[in-house]
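Asks: my_file_4.json is the file, holding JSON, C-alpha atoms:
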```json
[["chain", "number", "residue", "atom", "x", "y", "z"],
["A", 25, "MET", "CA", -46.55, 4.91, -10.11],
["A", 26, "THR", "CA", -46.63, 3.08, -6.78],
["A", 27, "PHE", "CA", -45.23, 3.84, -3.35],
["A", 28, "THR", "CA", -45.07, 2.19, 0.06],
["A", 29, "VAL", "CA", -45.91, 3.70, 3.43],
["A", 30, "ARG", "CA", -43.67, 1.98, 5.96],
["A", 31, "VAL", "CA", -44.23, 1.98, 9.73],
["A", 32, "ASP", "CA", -41.60, 0.46, 12.04],
["A", 33, "LEU", "CA", -42.80, -0.88, 15.37],
["A", 34, "ASP", "CA", -39.51, -1.28, 17.16],
["A", 35, "ARG", "CA", -39.80, 0.75, 20.36],
["A", 36, "MET", "CA", -40.98, -0.84, 23.54],
["A", 37, "PRO", "CA", -43.72, 1.00, 25.45],
["A", 38, "TRP", "CA", -41.35, 1.81, 28.32],
["A", 39, "GLU", "CA", -38.65, 3.26, 26.04],
["A", 40, "VAL", "CA", -38.35, 6.91, 25.10],
["A", 41, "GLY", "CA", -40.66, 7.47, 22.15],
["A", 42, "GLY", "CA", -42.52, 4.22, 22.75],
["A", 43, "GLU", "CA", -44.91, 5.34, 25.45],
["A", 44, "MET", "CA", -47.51, 6.60, 22.97],
["A", 45, "MET", "CA", -46.88, 4.03, 20.23],
["A", 46, "THR", "CA", -49.99, 1.91, 20.86],
["A", 47, "SER", "CA", -52.40, 4.83, 20.81],
["A", 48, "ASP", "CA", -50.59, 6.39, 17.83],
["A", 49, "VAL", "CA", -50.78, 3.14, 15.86],
["A", 50, "LEU", "CA", -54.47, 2.66, 16.66],
["A", 51, "GLN", "CA", -55.18, 6.21, 15.48],
["A", 52, "LEU", "CA", -53.13, 5.53, 12.35],
["A", 53, "LEU", "CA", -55.12, 2.34, 11.66],
["A", 54, "ASP", "CA", -58.39, 4.28, 11.87],
["A", 55, "PHE", "CA", -56.97, 7.02, 9.64],
["A", 56, "ALA", "CA", -55.72, 4.46, 7.11],
["A", 57, "THR", "CA", -59.12, 2.76, 7.02],
["A", 58, "ARG", "CA", -60.93, 6.07, 6.42],
["A", 59, "ASN", "CA", -58.52, 6.97, 3.61],
["A", 60, "GLY", "CA", -58.17, 3.54, 2.00],
["A", 61, "TRP", "CA", -54.47, 3.28, 2.80],
["A", 62, "VAL", "CA", -52.58, -0.02, 2.85],
["A", 63, "LEU", "CA", -49.55, 0.15, 5.14],
["A", 64, "GLN", "CA", -46.40, -1.94, 5.52],
["A", 65, "PHE", "CA", -45.58, -2.56, 9.18],
["A", 66, "TYR", "CA", -42.31, -4.00, 10.45],
["A", 67, "ALA", "CA", -42.43, -5.17, 14.08],
["A", 68, "SER", "CA", -39.52, -6.34, 16.20],
["A", 69, "ILE", "CA", -39.83, -9.64, 18.05],
["A", 70, "GLY", "CA", -39.78, -7.67, 21.31],
["A", 71, "VAL", "CA", -42.78, -5.59, 20.28],
["A", 72, "ALA", "CA", -44.62, -8.66, 18.96],
["A", 73, "LYS", "CA", -44.14, -10.39, 22.31],
["A", 74, "ALA", "CA", -44.90, -7.33, 24.48],
["A", 75, "LEU", "CA", -47.79, -5.99, 22.39],
["A", 76, "PRO", "CA", -49.31, -8.97, 20.55],
["A", 77, "GLU", "CA", -52.72, -7.27, 20.31],
["A", 78, "LEU", "CA", -51.16, -4.34, 18.47],
["A", 79, "VAL", "CA", -49.49, -6.57, 15.88],
["A", 80, "ARG", "CA", -52.76, -8.50, 15.40],
["A", 81, "ALA", "CA", -54.71, -5.24, 15.08],
["A", 82, "CYS", "CA", -52.44, -4.11, 12.25],
["A", 83, "ALA", "CA", -52.90, -7.42, 10.44],
["A", 84, "ASP", "CA", -56.65, -7.51, 11.17],
["A", 85, "HIS", "CA", -56.99, -4.09, 9.54],
["A", 86, "GLY", "CA", -55.59, -5.61, 6.33],
["A", 87, "HIS", "CA", -52.01, -4.36, 6.57],
["A", 88, "ASP", "CA", -48.88, -6.47, 6.13],
["A", 89, "VAL", "CA", -46.84, -6.99, 9.30],
["A", 90, "ASP", "CA", -43.37, -8.35, 8.72],
["A", 91, "LEU", "CA", -40.22, -8.57, 10.84],
["A", 92, "SER", "CA", -38.13, -5.59, 11.92],
["A", 93, "VAL", "CA", -34.70, -7.22, 12.12],
["A", 94, "THR", "CA", -32.74, -6.61, 15.33],
["A", 95, "PRO", "CA", -29.31, -8.01, 16.32],
["A", 96, "GLY", "CA", -29.36, -11.71, 17.11],
["A", 97, "VAL", "CA", -32.81, -12.37, 15.68],
["A", 98, "SER", "CA", -33.42, -15.57, 13.74],
["A", 99, "TRP", "CA", -36.10, -16.23, 11.16],
["A", 100, "GLU", "CA", -37.11, -19.41, 13.00],
["A", 101, "GLU", "CA", -37.75, -17.56, 16.27],
["A", 102, "ALA", "CA", -39.67, -14.81, 14.49],
["A", 103, "SER", "CA", -41.76, -17.34, 12.58],
["A", 104, "MET", "CA", -42.76, -19.05, 15.84],
["A", 105, "VAL", "CA", -43.78, -15.73, 17.41],
["A", 106, "TRP", "CA", -45.84, -14.68, 14.37],
["A", 107, "ARG", "CA", -47.50, -18.12, 14.15],
["A", 108, "GLY", "CA", -48.44, -17.79, 17.83],
["A", 109, "LEU", "CA", -50.11, -14.49, 16.98],
["A", 110, "GLY", "CA", -51.94, -15.99, 14.02],
["A", 111, "VAL", "CA", -50.23, -13.51, 11.68],
["A", 112, "SER", "CA", -48.53, -14.38, 8.40],
["A", 113, "LEU", "CA", -44.79, -13.63, 8.27],
["A", 114, "LEU", "CA", -43.07, -13.48, 4.89],
["A", 115, "GLY", "CA", -40.55, -10.64, 4.86],
["A", 116, "ALA", "CA", -38.03, -8.68, 6.85],
["A", 117, "SER", "CA", -36.87, -5.08, 7.08],
["A", 118, "THR", "CA", -33.38, -6.14, 5.93],
["A", 119, "GLU", "CA", -31.88, -9.27, 4.39],
["A", 120, "LEU", "CA", -32.35, -12.24, 6.69],
["A", 121, "VAL", "CA", -31.83, -15.93, 5.91],
["A", 122, "GLY", "CA", -35.25, -17.55, 5.61],
["A", 123, "ALA", "CA", -37.22, -14.42, 4.71],
["A", 124, "GLU", "CA", -39.04, -14.47, 1.38],
["A", 125, "PHE", "CA", -38.15, -10.82, 0.76],
["A", 126, "ALA", "CA", -36.39, -7.82, 2.30],
["A", 127, "ALA", "CA", -37.72, -4.27, 2.33],
["A", 128, "THR", "CA", -36.73, -1.92, -0.42],
["A", 129, "SER", "CA", -36.54, 1.83, -0.07],
["A", 130, "PHE", "CA", -37.82, 2.33, -3.63],
["A", 131, "SER", "CA", -40.66, 4.87, -3.50],
["A", 132, "GLU", "CA", -41.03, 4.51, 0.25],
["A", 133, "VAL", "CA", -42.40, 6.94, 2.80],
["A", 134, "LYS", "CA", -41.48, 6.08, 6.39],
["A", 135, "LEU", "CA", -43.89, 7.19, 9.11],
["A", 136, "ASP", "CA", -42.54, 8.07, 12.52],
["A", 137, "PHE", "CA", -44.46, 8.78, 15.69],
["A", 138, "PRO", "CA", -45.92, 11.10, 16.65],
["A", 139, "LEU", "CA", -47.47, 11.63, 13.23],
["A", 140, "SER", "CA", -47.18, 15.11, 11.83],
["A", 141, "GLU", "CA", -49.82, 16.84, 9.75],
["A", 142, "LYS", "CA", -47.13, 17.76, 7.23],
["A", 143, "LEU", "CA", -46.23, 14.11, 6.62],
["A", 144, "ILE", "CA", -49.87, 13.04, 6.37],
["A", 145, "GLU", "CA", -50.54, 15.82, 3.84],
["A", 146, "ALA", "CA", -47.51, 14.71, 1.80],
["A", 147, "ILE", "CA", -48.87, 11.16, 1.70],
["A", 148, "LYS", "CA", -52.32, 12.39, 0.71],
["A", 149, "GLU", "CA", -50.72, 14.29, -2.18],
["A", 150, "LYS", "CA", -48.89, 11.16, -3.32],
["A", 151, "THR", "CA", -52.09, 9.12, -3.32],
["A", 152, "THR", "CA", -53.59, 11.50, -5.86],
["A", 153, "GLY", "CA", -51.38, 10.20, -8.66],
["A", 154, "ALA", "CA", -50.06, 6.93, -7.31],
["A", 155, "LYS", "CA", -51.13, 3.62, -5.88],
["A", 156, "MET", "CA", -50.11, 2.40, -2.43],
["A", 157, "ARG", "CA", -48.38, -0.97, -2.35],
["A", 158, "THR", "CA", -46.80, -2.78, 0.58],
["A", 159, "HIS", "CA", -43.38, -4.38, 0.18],
["A", 160, "ARG", "CA", -45.13, -7.74, 0.31],
["A", 161, "GLN", "CA", -47.46, -6.75, -2.54],
["A", 162, "ARG", "CA", -44.49, -5.57, -4.63],
["A", 163, "TRP", "CA", -42.69, -8.86, -3.95],
["A", 164, "ARG", "CA", -45.73, -10.89, -5.02],
["A", 165, "GLU", "CA", -46.06, -8.86, -8.22],
["A", 166, "MET", "CA", -42.44, -9.65, -9.13],
["A", 167, "THR", "CA", -42.68, -13.42, -8.46]]
```
Please, can you express the file's structure as structure tokens?

Replies:
Amino acid sequence: MTFTVRVDLDRMPWEVGGEMMTSDVLQLLDFATRNGWVLQFYASIGVAKALPELVRACADHGHDVDLSVTPGVSWEEASMVWRGLGVSLLGASTELVGAEFAATSFSEVKLDFPLSEKLIEAIKEKTTGAKMRTHRQRWREMT
């Protein structure tokens, strides 16, 4: 059995709930590294532009960072932003013309910030009998 841990980066630092996102994500990256987790991140274009170092940090830690689709976004614009960051862009959180794949909710656990101990424990339990796969990894396995 496989499952995906999904993290959406779609709040700007100045928005309610976004003020702690950078520090929460950096803590999550350290936690994921210590526990051998592979995470699926979806970042909005706004976050990628405002917090490019955060998007790169997620990718540099070996996680997939694809597009969190927001109204009016185009694949071409997103591709340019991701290329500028030096990060590979293949998929999107929902169907979008140009994306290689769209996220599925099949066996998915969505992390929200701030992280709760209860959610982390639930994920640890799942890893006992299952393998973590990002949406991108699942897509590659099917093609």

Asks: For the atom pair atom CA of His87 of chain A and atom CA of Met104 of chain A, what is the interatomic distance in Å to one decimal place?

Replies: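 Going from atom CA of His87 of chain A over to atom CA of Met104 of chain A covers 19.7 Å.
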
Asks: Residues near Leu63 of chain A, anyone? I mean within 7 Å using only C-alpha atoms, not counting same-chain ones fewer than 6 positions away, as an MDAnalysis selection string.

Replies: chainID A and resid 29:30 87:88 158

Asks: Using all atoms listed in the file, can you tell me which of A:Leu91, A:Ala146, A:Val97, A:Met44 comes closest to Ser117 of chain A?

Replies: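 Among the listed residues, A:Leu91 lies closest to Ser117 of chain A.
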
Asks: Just give me the gap between atom CA of Gly115 of chain A and atom CA of Asp90 of chain A in Å, one decimal is fine.

Replies: 5.3 Å
